[in-house]
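Trainee: Just passing along the structure, written as structure tokens.
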Amino acid sequence: MEKTFLMIKPDGVQRSLVGEITSRFEKKGFKLAGAKLMVISNELAEKHYGEHKDKPFFGELVDFITSGPVFAMVWEGENVIGTARQMMGATNPKEAAPGTIRGDYGVIVGKNIIHGSDSQESAEREIGLFFEENEVLDYQKDE
Ligand code: CMP
């Protein structure tokens with residue numbers, strides 16, 4: 001079954017949105033396969049955001065994502081990668097539709113509440129960066 005990596009960023013944790021956001025994915029019908037509250041090291045942040053290393057905001061991005069606890073998660077379900085991205089809304093909260101997570105809770109692009117993998121390849125890579133194999137659980141969940 002398809003899996004994705006989602007991470008509530010330091011702004012989402014600070015604003016007490018962990019319950020609200022995880023609840024949206026639970027109610028949608030996806031299965032939580034792994035989760036942990038953690039502070040990301042600079043090394044992990046630079047690996048995770050490696051594709052943005054030449055962008056002018058890279059330093060700001062790494063500083064922000066390492067600035068406080070994040071809530072890292074693995075979610076499982078049919079088409080979970082694409083559906084989770086729809087539920088998160090556009091990267092820039094100014095363009096994110098009302099009803100989406102960023103549309104409802106975000107204002108600026110640097111503090112856009114949540115990160116989600118954008119493809120199968122990035123999901124596999126990001127899950128591997130943040131979780132040990134035994135931290136991603138395989139269990140039966142009733143529909
Ligand atoms: P995310 O989905 O985590 O992936 C890369 C992040 O870069 C993105 O969300 C934004 O939070 C951040 N980002 C994109 N554009 C900018 C920008 N112009 N200034 C600061 N951060 C940005």
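By order in the structure tokens, chains are A, B, ...; within a chain, residues start at 1; ligands start at 1, following the order shown.
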Distance table requested - chain A against ligand 1, cut-off 12 Å, only C-alpha atoms and all ligand atoms: one row per qualifying residue with the closest atom pair and its distance in Å to one decimal, ordered by chain and rising residue number, as JSON lines.

Mentor:
```
{"residue": "A:Phe5", "atom": "CA", "partner": "ligand 1", "partner_atom_place_in_ligand_line": "2 (O)", "distance": 11.1}
{"residue": "A:Leu6", "atom": "CA", "partner": "ligand 1", "partner_atom_place_in_ligand_line": "3 (O)", "distance": 9.4}
{"residue": "A:Met7", "atom": "CA", "partner": "ligand 1", "partner_atom_place_in_ligand_line": "3 (O)", "distance": 8.3}
{"residue": "A:Ile8", "atom": "CA", "partner": "ligand 1", "partner_atom_place_in_ligand_line": "3 (O)", "distance": 9.3}
{"residue": "A:Lys9", "atom": "CA", "partner": "ligand 1", "partner_atom_place_in_ligand_line": "3 (O)", "distance": 8.1}
{"residue": "A:Pro10", "atom": "CA", "partner": "ligand 1", "partner_atom_place_in_ligand_line": "11 (O)", "distance": 11.0}
{"residue": "A:Asp11", "atom": "CA", "partner": "ligand 1", "partner_atom_place_in_ligand_line": "11 (O)", "distance": 10.6}
{"residue": "A:Gly12", "atom": "CA", "partner": "ligand 1", "partner_atom_place_in_ligand_line": "11 (O)", "distance": 11.9}
{"residue": "A:Ala45", "atom": "CA", "partner": "ligand 1", "partner_atom_place_in_ligand_line": "3 (O)", "distance": 10.4}
{"residue": "A:Glu46", "atom": "CA", "partner": "ligand 1", "partner_atom_place_in_ligand_line": "5 (C)", "distance": 11.4}
{"residue": "A:His48", "atom": "CA", "partner": "ligand 1", "partner_atom_place_in_ligand_line": "3 (O)", "distance": 9.2}
{"residue": "A:Tyr49", "atom": "CA", "partner": "ligand 1", "partner_atom_place_in_ligand_line": "5 (C)", "distance": 6.8}
{"residue": "A:Gly50", "atom": "CA", "partner": "ligand 1", "partner_atom_place_in_ligand_line": "5 (C)", "distance": 9.8}
{"residue": "A:Glu51", "atom": "CA", "partner": "ligand 1", "partner_atom_place_in_ligand_line": "5 (C)", "distance": 8.9}
{"residue": "A:His52", "atom": "CA", "partner": "ligand 1", "partner_atom_place_in_ligand_line": "5 (C)", "distance": 7.2}
{"residue": "A:Lys53", "atom": "CA", "partner": "ligand 1", "partner_atom_place_in_ligand_line": "7 (O)", "distance": 10.3}
{"residue": "A:Asp54", "atom": "CA", "partner": "ligand 1", "partner_atom_place_in_ligand_line": "7 (O)", "distance": 11.8}
{"residue": "A:Lys55", "atom": "CA", "partner": "ligand 1", "partner_atom_place_in_ligand_line": "16 (C)", "distance": 8.5}
{"residue": "A:Pro56", "atom": "CA", "partner": "ligand 1", "partner_atom_place_in_ligand_line": "18 (N)", "distance": 7.8}
{"residue": "A:Phe57", "atom": "CA", "partner": "ligand 1", "partner_atom_place_in_ligand_line": "20 (C)", "distance": 5.0}
{"residue": "A:Phe58", "atom": "CA", "partner": "ligand 1", "partner_atom_place_in_ligand_line": "21 (N)", "distance": 7.4}
{"residue": "A:Gly59", "atom": "CA", "partner": "ligand 1", "partner_atom_place_in_ligand_line": "20 (C)", "distance": 9.1}
{"residue": "A:Glu60", "atom": "CA", "partner": "ligand 1", "partner_atom_place_in_ligand_line": "20 (C)", "distance": 6.5}
{"residue": "A:Leu61", "atom": "CA", "partner": "ligand 1", "partner_atom_place_in_ligand_line": "21 (N)", "distance": 5.6}
{"residue": "A:Val62", "atom": "CA", "partner": "ligand 1", "partner_atom_place_in_ligand_line": "7 (O)", "distance": 9.1}
{"residue": "A:Asp63", "atom": "CA", "partner": "ligand 1", "partner_atom_place_in_ligand_line": "21 (N)", "distance": 10.5}
{"residue": "A:Phe64", "atom": "CA", "partner": "ligand 1", "partner_atom_place_in_ligand_line": "21 (N)", "distance": 9.0}
{"residue": "A:Ile65", "atom": "CA", "partner": "ligand 1", "partner_atom_place_in_ligand_line": "3 (O)", "distance": 8.6}
{"residue": "A:Val70", "atom": "CA", "partner": "ligand 1", "partner_atom_place_in_ligand_line": "3 (O)", "distance": 11.7}
{"residue": "A:Ala84", "atom": "CA", "partner": "ligand 1", "partner_atom_place_in_ligand_line": "2 (O)", "distance": 11.7}
{"residue": "A:Arg85", "atom": "CA", "partner": "ligand 1", "partner_atom_place_in_ligand_line": "2 (O)", "distance": 9.3}
{"residue": "A:Met88", "atom": "CA", "partner": "ligand 1", "partner_atom_place_in_ligand_line": "2 (O)", "distance": 9.4}
{"residue": "A:Gly89", "atom": "CA", "partner": "ligand 1", "partner_atom_place_in_ligand_line": "2 (O)", "distance": 10.1}
{"residue": "A:Ala90", "atom": "CA", "partner": "ligand 1", "partner_atom_place_in_ligand_line": "2 (O)", "distance": 8.9}
{"residue": "A:Thr91", "atom": "CA", "partner": "ligand 1", "partner_atom_place_in_ligand_line": "9 (O)", "distance": 5.7}
{"residue": "A:Asn92", "atom": "CA", "partner": "ligand 1", "partner_atom_place_in_ligand_line": "10 (C)", "distance": 7.2}
{"residue": "A:Pro93", "atom": "CA", "partner": "ligand 1", "partner_atom_place_in_ligand_line": "11 (O)", "distance": 9.4}
{"residue": "A:Lys94", "atom": "CA", "partner": "ligand 1", "partner_atom_place_in_ligand_line": "15 (N)", "distance": 11.9}
{"residue": "A:Arg102", "atom": "CA", "partner": "ligand 1", "partner_atom_place_in_ligand_line": "9 (O)", "distance": 10.4}
{"residue": "A:Gly106", "atom": "CA", "partner": "ligand 1", "partner_atom_place_in_ligand_line": "11 (O)", "distance": 10.4}
{"residue": "A:Val107", "atom": "CA", "partner": "ligand 1", "partner_atom_place_in_ligand_line": "11 (O)", "distance": 11.0}
{"residue": "A:Ile108", "atom": "CA", "partner": "ligand 1", "partner_atom_place_in_ligand_line": "20 (C)", "distance": 8.3}
{"residue": "A:Val109", "atom": "CA", "partner": "ligand 1", "partner_atom_place_in_ligand_line": "11 (O)", "distance": 5.1}
{"residue": "A:Gly110", "atom": "CA", "partner": "ligand 1", "partner_atom_place_in_ligand_line": "21 (N)", "distance": 3.7}
{"residue": "A:Lys111", "atom": "CA", "partner": "ligand 1", "partner_atom_place_in_ligand_line": "11 (O)", "distance": 5.7}
{"residue": "A:Asn112", "atom": "CA", "partner": "ligand 1", "partner_atom_place_in_ligand_line": "11 (O)", "distance": 5.3}
{"residue": "A:Ile113", "atom": "CA", "partner": "ligand 1", "partner_atom_place_in_ligand_line": "11 (O)", "distance": 7.9}
{"residue": "A:Ile114", "atom": "CA", "partner": "ligand 1", "partner_atom_place_in_ligand_line": "3 (O)", "distance": 6.6}
{"residue": "A:His115", "atom": "CA", "partner": "ligand 1", "partner_atom_place_in_ligand_line": "3 (O)", "distance": 4.2}
{"residue": "A:Gly116", "atom": "CA", "partner": "ligand 1", "partner_atom_place_in_ligand_line": "2 (O)", "distance": 6.0}
{"residue": "A:Ser117", "atom": "CA", "partner": "ligand 1", "partner_atom_place_in_ligand_line": "2 (O)", "distance": 7.6}
{"residue": "A:Asp118", "atom": "CA", "partner": "ligand 1", "partner_atom_place_in_ligand_line": "2 (O)", "distance": 8.3}
{"residue": "A:Ser119", "atom": "CA", "partner": "ligand 1", "partner_atom_place_in_ligand_line": "2 (O)", "distance": 11.9}
{"residue": "A:Ser122", "atom": "CA", "partner": "ligand 1", "partner_atom_place_in_ligand_line": "4 (O)", "distance": 11.5}
{"residue": "A:Glu126", "atom": "CA", "partner": "ligand 1", "partner_atom_place_in_ligand_line": "3 (O)", "distance": 11.6}
```

Trainee: Based on DSSP run over this structure's backbone, return all residues of region 22-98 of chain A in alpha helix (DSSP H), as a ChimeraX atom specification.

Mentor: /A:22-28,42-48,58-65,80-88

Trainee: Take the residues from that selection and write them out as a PDB file, in the first residue's frame, keeping N, CA and C atoms.

Mentor:
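Writing done, so here's again_38.pdb:
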```
ATOM      1  N   THR A  22      -3.495  15.891  12.450  1.00  0.00           N
ATOM      2  CA  THR A  22      -3.502  14.416  12.370  1.00  0.00           C
ATOM      3  C   THR A  22      -4.950  13.918  12.290  1.00  0.00           C
ATOM      4  N   SER A  23      -5.845  14.608  12.949  1.00  0.00           N
ATOM      5  CA  SER A  23      -7.256  14.233  12.923  1.00  0.00           C
ATOM      6  C   SER A  23      -7.826  14.286  11.500  1.00  0.00           C
ATOM      7  N   ARG A  24      -7.389  15.260  10.709  1.00  0.00           N
ATOM      8  CA  ARG A  24      -7.891  15.348   9.329  1.00  0.00           C
ATOM      9  C   ARG A  24      -7.515  14.101   8.533  1.00  0.00           C
ATOM     10  N   PHE A  25      -6.265  13.625   8.722  1.00  0.00           N
ATOM     11  CA  PHE A  25      -5.833  12.453   7.959  1.00  0.00           C
ATOM     12  C   PHE A  25      -6.488  11.174   8.510  1.00  0.00           C
ATOM     13  N   GLU A  26      -6.688  11.116   9.812  1.00  0.00           N
ATOM     14  CA  GLU A  26      -7.392   9.956  10.388  1.00  0.00           C
ATOM     15  C   GLU A  26      -8.825   9.895   9.874  1.00  0.00           C
ATOM     16  N   LYS A  27      -9.505  11.037   9.927  1.00  0.00           N
ATOM     17  CA  LYS A  27     -10.915  11.062   9.513  1.00  0.00           C
ATOM     18  C   LYS A  27     -11.072  10.790   8.021  1.00  0.00           C
ATOM     19  N   LYS A  28     -10.083  11.200   7.245  1.00  0.00           N
ATOM     20  CA  LYS A  28     -10.122  10.915   5.813  1.00  0.00           C
ATOM     21  C   LYS A  28     -10.120   9.415   5.560  1.00  0.00           C
ATOM     22  N   ASN A  42      20.870  19.871  11.799  1.00  0.00           N
ATOM     23  CA  ASN A  42      21.204  20.599  10.570  1.00  0.00           C
ATOM     24  C   ASN A  42      21.509  19.636   9.427  1.00  0.00           C
ATOM     25  N   GLU A  43      22.201  18.560   9.777  1.00  0.00           N
ATOM     26  CA  GLU A  43      22.599  17.579   8.762  1.00  0.00           C
ATOM     27  C   GLU A  43      21.372  16.933   8.105  1.00  0.00           C
ATOM     28  N   LEU A  44      20.402  16.539   8.937  1.00  0.00           N
ATOM     29  CA  LEU A  44      19.187  15.922   8.402  1.00  0.00           C
ATOM     30  C   LEU A  44      18.383  16.936   7.579  1.00  0.00           C
ATOM     31  N   ALA A  45      18.294  18.188   8.074  1.00  0.00           N
ATOM     32  CA  ALA A  45      17.548  19.224   7.345  1.00  0.00           C
ATOM     33  C   ALA A  45      18.179  19.457   5.967  1.00  0.00           C
ATOM     34  N   GLU A  46      19.504  19.485   5.916  1.00  0.00           N
ATOM     35  CA  GLU A  46      20.175  19.742   4.629  1.00  0.00           C
ATOM     36  C   GLU A  46      19.982  18.570   3.664  1.00  0.00           C
ATOM     37  N   LYS A  47      19.922  17.353   4.208  1.00  0.00           N
ATOM     38  CA  LYS A  47      19.647  16.186   3.345  1.00  0.00           C
ATOM     39  C   LYS A  47      18.204  16.232   2.855  1.00  0.00           C
ATOM     40  N   HIS A  48      17.289  16.467   3.789  1.00  0.00           N
ATOM     41  CA  HIS A  48      15.861  16.458   3.453  1.00  0.00           C
ATOM     42  C   HIS A  48      15.543  17.495   2.380  1.00  0.00           C
ATOM     43  N   PHE A  58      17.396  28.847   1.012  1.00  0.00           N
ATOM     44  CA  PHE A  58      17.812  27.571   1.619  1.00  0.00           C
ATOM     45  C   PHE A  58      18.247  27.732   3.078  1.00  0.00           C
ATOM     46  N   GLY A  59      19.057  28.757   3.356  1.00  0.00           N
ATOM     47  CA  GLY A  59      19.558  28.963   4.719  1.00  0.00           C
ATOM     48  C   GLY A  59      18.410  29.209   5.691  1.00  0.00           C
ATOM     49  N   GLU A  60      17.488  30.032   5.246  1.00  0.00           N
ATOM     50  CA  GLU A  60      16.302  30.365   6.054  1.00  0.00           C
ATOM     51  C   GLU A  60      15.444  29.115   6.320  1.00  0.00           C
ATOM     52  N   LEU A  61      15.344  28.292   5.270  1.00  0.00           N
ATOM     53  CA  LEU A  61      14.545  27.063   5.358  1.00  0.00           C
ATOM     54  C   LEU A  61      15.148  26.105   6.393  1.00  0.00           C
ATOM     55  N   VAL A  62      16.467  25.923   6.321  1.00  0.00           N
ATOM     56  CA  VAL A  62      17.144  25.020   7.259  1.00  0.00           C
ATOM     57  C   VAL A  62      17.072  25.590   8.687  1.00  0.00           C
ATOM     58  N   ASP A  63      17.282  26.887   8.820  1.00  0.00           N
ATOM     59  CA  ASP A  63      17.203  27.513  10.157  1.00  0.00           C
ATOM     60  C   ASP A  63      15.817  27.311  10.763  1.00  0.00           C
ATOM     61  N   PHE A  64      14.792  27.496   9.940  1.00  0.00           N
ATOM     62  CA  PHE A  64      13.434  27.392  10.459  1.00  0.00           C
ATOM     63  C   PHE A  64      13.074  25.958  10.842  1.00  0.00           C
ATOM     64  N   ILE A  65      13.396  25.014   9.982  1.00  0.00           N
ATOM     65  CA  ILE A  65      12.949  23.630  10.217  1.00  0.00           C
ATOM     66  C   ILE A  65      13.685  22.997  11.405  1.00  0.00           C
ATOM     67  N   VAL A  80      -2.340   8.002  -1.186  1.00  0.00           N
ATOM     68  CA  VAL A  80      -2.126   8.910  -0.038  1.00  0.00           C
ATOM     69  C   VAL A  80      -1.183  10.070  -0.384  1.00  0.00           C
ATOM     70  N   ILE A  81      -0.233   9.862  -1.290  1.00  0.00           N
ATOM     71  CA  ILE A  81       0.716  10.941  -1.612  1.00  0.00           C
ATOM     72  C   ILE A  81      -0.025  12.127  -2.236  1.00  0.00           C
ATOM     73  N   GLY A  82      -0.797  11.854  -3.270  1.00  0.00           N
ATOM     74  CA  GLY A  82      -1.520  12.924  -3.966  1.00  0.00           C
ATOM     75  C   GLY A  82      -2.642  13.514  -3.133  1.00  0.00           C
ATOM     76  N   THR A  83      -3.384  12.650  -2.451  1.00  0.00           N
ATOM     77  CA  THR A  83      -4.516  13.146  -1.655  1.00  0.00           C
ATOM     78  C   THR A  83      -4.019  13.997  -0.486  1.00  0.00           C
ATOM     79  N   ALA A  84      -2.934  13.578   0.139  1.00  0.00           N
ATOM     80  CA  ALA A  84      -2.401  14.381   1.252  1.00  0.00           C
ATOM     81  C   ALA A  84      -1.971  15.752   0.742  1.00  0.00           C
ATOM     82  N   ARG A  85      -1.396  15.801  -0.451  1.00  0.00           N
ATOM     83  CA  ARG A  85      -0.988  17.110  -1.001  1.00  0.00           C
ATOM     84  C   ARG A  85      -2.207  17.988  -1.290  1.00  0.00           C
ATOM     85  N   GLN A  86      -3.278  17.365  -1.749  1.00  0.00           N
ATOM     86  CA  GLN A  86      -4.516  18.150  -1.946  1.00  0.00           C
ATOM     87  C   GLN A  86      -5.038  18.668  -0.615  1.00  0.00           C
ATOM     88  N   MET A  87      -4.971  17.810   0.403  1.00  0.00           N
ATOM     89  CA  MET A  87      -5.467  18.220   1.731  1.00  0.00           C
ATOM     90  C   MET A  87      -4.595  19.318   2.349  1.00  0.00           C
ATOM     91  N   MET A  88      -3.288  19.324   1.995  1.00  0.00           N
ATOM     92  CA  MET A  88      -2.386  20.371   2.527  1.00  0.00           C
ATOM     93  C   MET A  88      -2.618  21.705   1.821  1.00  0.00           C
TER      94      MET A  88
END
```

Trainee: Check the smallest atom-to-atom distance from each of A:Pro98, A:Met73, A:Thr66, A:Lys31 to Asp142 (chain A) using only C-alpha atoms, then report the winner.

Mentor: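 Checking each of A:Pro98, A:Met73, A:Thr66, A:Lys31 against Asp142 (chain A), counting only C-alpha atoms, the winner is A:Lys31.
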
Trainee: Find the residue from A:Pro69, A:Ala97, A:Lys3, A:Glu20 that sits nearest to Gly128 (chain A); use only C-alpha atoms when measuring.

Mentor: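 For Gly128 (chain A), the nearest of the given residues is A:Lys3.
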
Trainee: Mind listing the strand (DSSP E or B) residues of chain A, per DSSP on the backbone, as a list of chain:residue names?

Mentor: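 Residues of chain A classed as strand (DSSP E or B): A:Lys3, A:Thr4, A:Phe5, A:Leu6, A:Met7, A:Ile8, A:Lys31, A:Leu32, A:Ala33, A:Gly34, A:Ala35, A:Lys36, A:Leu37, A:Met38, A:Val70, A:Phe71, A:Ala72, A:Met73, A:Val74, A:Trp75, A:Glu76, A:Pro98, A:Thr100, A:Ile114, A:His115, A:Gly116.
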
Trainee: Okay, now the selection with N, CA, C and O atoms, as a tab-separated table (two decimals), in the first residue's frame?

Mentor:
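Contents of the output file out35.tsv:
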```tsv
chain	number	residue	atom	x	y	z
A	3	LYS	N	2.63	4.75	0.71
A	3	LYS	CA	2.96	5.47	1.96
A	3	LYS	C	3.49	6.86	1.61
A	3	LYS	O	4.11	7.05	0.56
A	4	THR	N	3.28	7.81	2.52
A	4	THR	CA	3.87	9.12	2.35
A	4	THR	C	4.48	9.61	3.66
A	4	THR	O	4.14	9.11	4.75
A	5	PHE	N	5.37	10.58	3.51
A	5	PHE	CA	5.97	11.22	4.68
A	5	PHE	C	5.35	12.60	4.84
A	5	PHE	O	5.36	13.41	3.89
A	6	LEU	N	4.79	12.85	6.01
A	6	LEU	CA	4.23	14.18	6.33
A	6	LEU	C	4.92	14.69	7.58
A	6	LEU	O	5.23	13.91	8.49
A	7	MET	N	5.13	15.98	7.63
A	7	MET	CA	5.81	16.55	8.80
A	7	MET	C	5.16	17.88	9.17
A	7	MET	O	5.12	18.81	8.36
A	8	ILE	N	4.65	17.94	10.41
A	8	ILE	CA	4.13	19.21	10.91
A	8	ILE	C	5.35	20.02	11.35
A	8	ILE	O	6.17	19.56	12.16
A	31	LYS	N	-4.17	5.52	7.26
A	31	LYS	CA	-3.66	4.78	8.42
A	31	LYS	C	-2.32	5.35	8.85
A	31	LYS	O	-1.41	5.48	8.03
A	32	LEU	N	-2.22	5.68	10.13
A	32	LEU	CA	-0.96	6.19	10.68
A	32	LEU	C	-0.02	4.99	10.88
A	32	LEU	O	-0.34	4.06	11.61
A	33	ALA	N	1.14	5.04	10.23
A	33	ALA	CA	2.08	3.91	10.31
A	33	ALA	C	3.30	4.23	11.16
A	33	ALA	O	4.01	3.34	11.62
A	34	GLY	N	3.55	5.54	11.40
A	34	GLY	CA	4.69	5.94	12.23
A	34	GLY	C	4.57	7.40	12.60
A	34	GLY	O	3.98	8.18	11.84
A	35	ALA	N	5.08	7.77	13.78
A	35	ALA	CA	5.01	9.18	14.18
A	35	ALA	C	6.00	9.45	15.30
A	35	ALA	O	6.21	8.60	16.18
A	36	LYS	N	6.63	10.62	15.24
A	36	LYS	CA	7.47	11.02	16.37
A	36	LYS	C	7.70	12.54	16.39
A	36	LYS	O	7.78	13.17	15.34
A	37	LEU	N	7.77	13.04	17.63
A	37	LEU	CA	8.11	14.44	17.85
A	37	LEU	C	9.63	14.48	17.96
A	37	LEU	O	10.21	13.74	18.74
A	38	MET	N	10.25	15.34	17.18
A	38	MET	CA	11.72	15.36	17.17
A	38	MET	C	12.24	16.73	16.77
A	38	MET	O	11.54	17.51	16.13
A	70	VAL	N	9.46	19.19	15.44
A	70	VAL	CA	8.53	18.90	14.34
A	70	VAL	C	7.84	17.59	14.69
A	70	VAL	O	8.34	16.82	15.52
A	71	PHE	N	6.70	17.33	14.06
A	71	PHE	CA	6.01	16.06	14.27
A	71	PHE	C	6.06	15.30	12.94
A	71	PHE	O	5.37	15.66	11.98
A	72	ALA	N	6.96	14.30	12.89
A	72	ALA	CA	7.18	13.55	11.66
A	72	ALA	C	6.27	12.33	11.63
A	72	ALA	O	6.09	11.65	12.65
A	73	MET	N	5.68	12.07	10.46
A	73	MET	CA	4.70	10.98	10.37
A	73	MET	C	4.83	10.21	9.07
A	73	MET	O	5.22	10.77	8.05
A	74	VAL	N	4.44	8.93	9.14
A	74	VAL	CA	4.26	8.12	7.93
A	74	VAL	C	2.78	7.75	7.88
A	74	VAL	O	2.23	7.24	8.87
A	75	TRP	N	2.15	8.03	6.76
A	75	TRP	CA	0.74	7.69	6.56
A	75	TRP	C	0.62	6.74	5.38
A	75	TRP	O	1.40	6.83	4.41
A	76	GLU	N	-0.37	5.86	5.47
A	76	GLU	CA	-0.54	4.83	4.47
A	76	GLU	C	-1.96	4.85	3.93
A	76	GLU	O	-2.90	5.12	4.69
A	98	PRO	N	-9.25	27.70	0.80
A	98	PRO	CA	-9.89	27.49	2.10
A	98	PRO	C	-10.34	26.03	2.20
A	98	PRO	O	-10.75	25.44	1.21
A	100	THR	N	-8.24	23.68	2.96
A	100	THR	CA	-6.98	22.94	3.02
A	100	THR	C	-6.24	23.37	4.29
A	100	THR	O	-6.54	24.41	4.88
A	114	ILE	N	3.06	22.55	7.22
A	114	ILE	CA	3.23	21.11	7.00
A	114	ILE	C	4.03	20.85	5.72
A	114	ILE	O	3.95	21.63	4.78
A	115	HIS	N	4.78	19.77	5.74
A	115	HIS	CA	5.49	19.30	4.54
A	115	HIS	C	4.92	17.93	4.17
A	115	HIS	O	4.60	17.13	5.05
A	116	GLY	N	4.82	17.67	2.88
A	116	GLY	CA	4.40	16.33	2.42
A	116	GLY	C	5.17	15.93	1.19
A	116	GLY	O	5.46	16.77	0.32
```
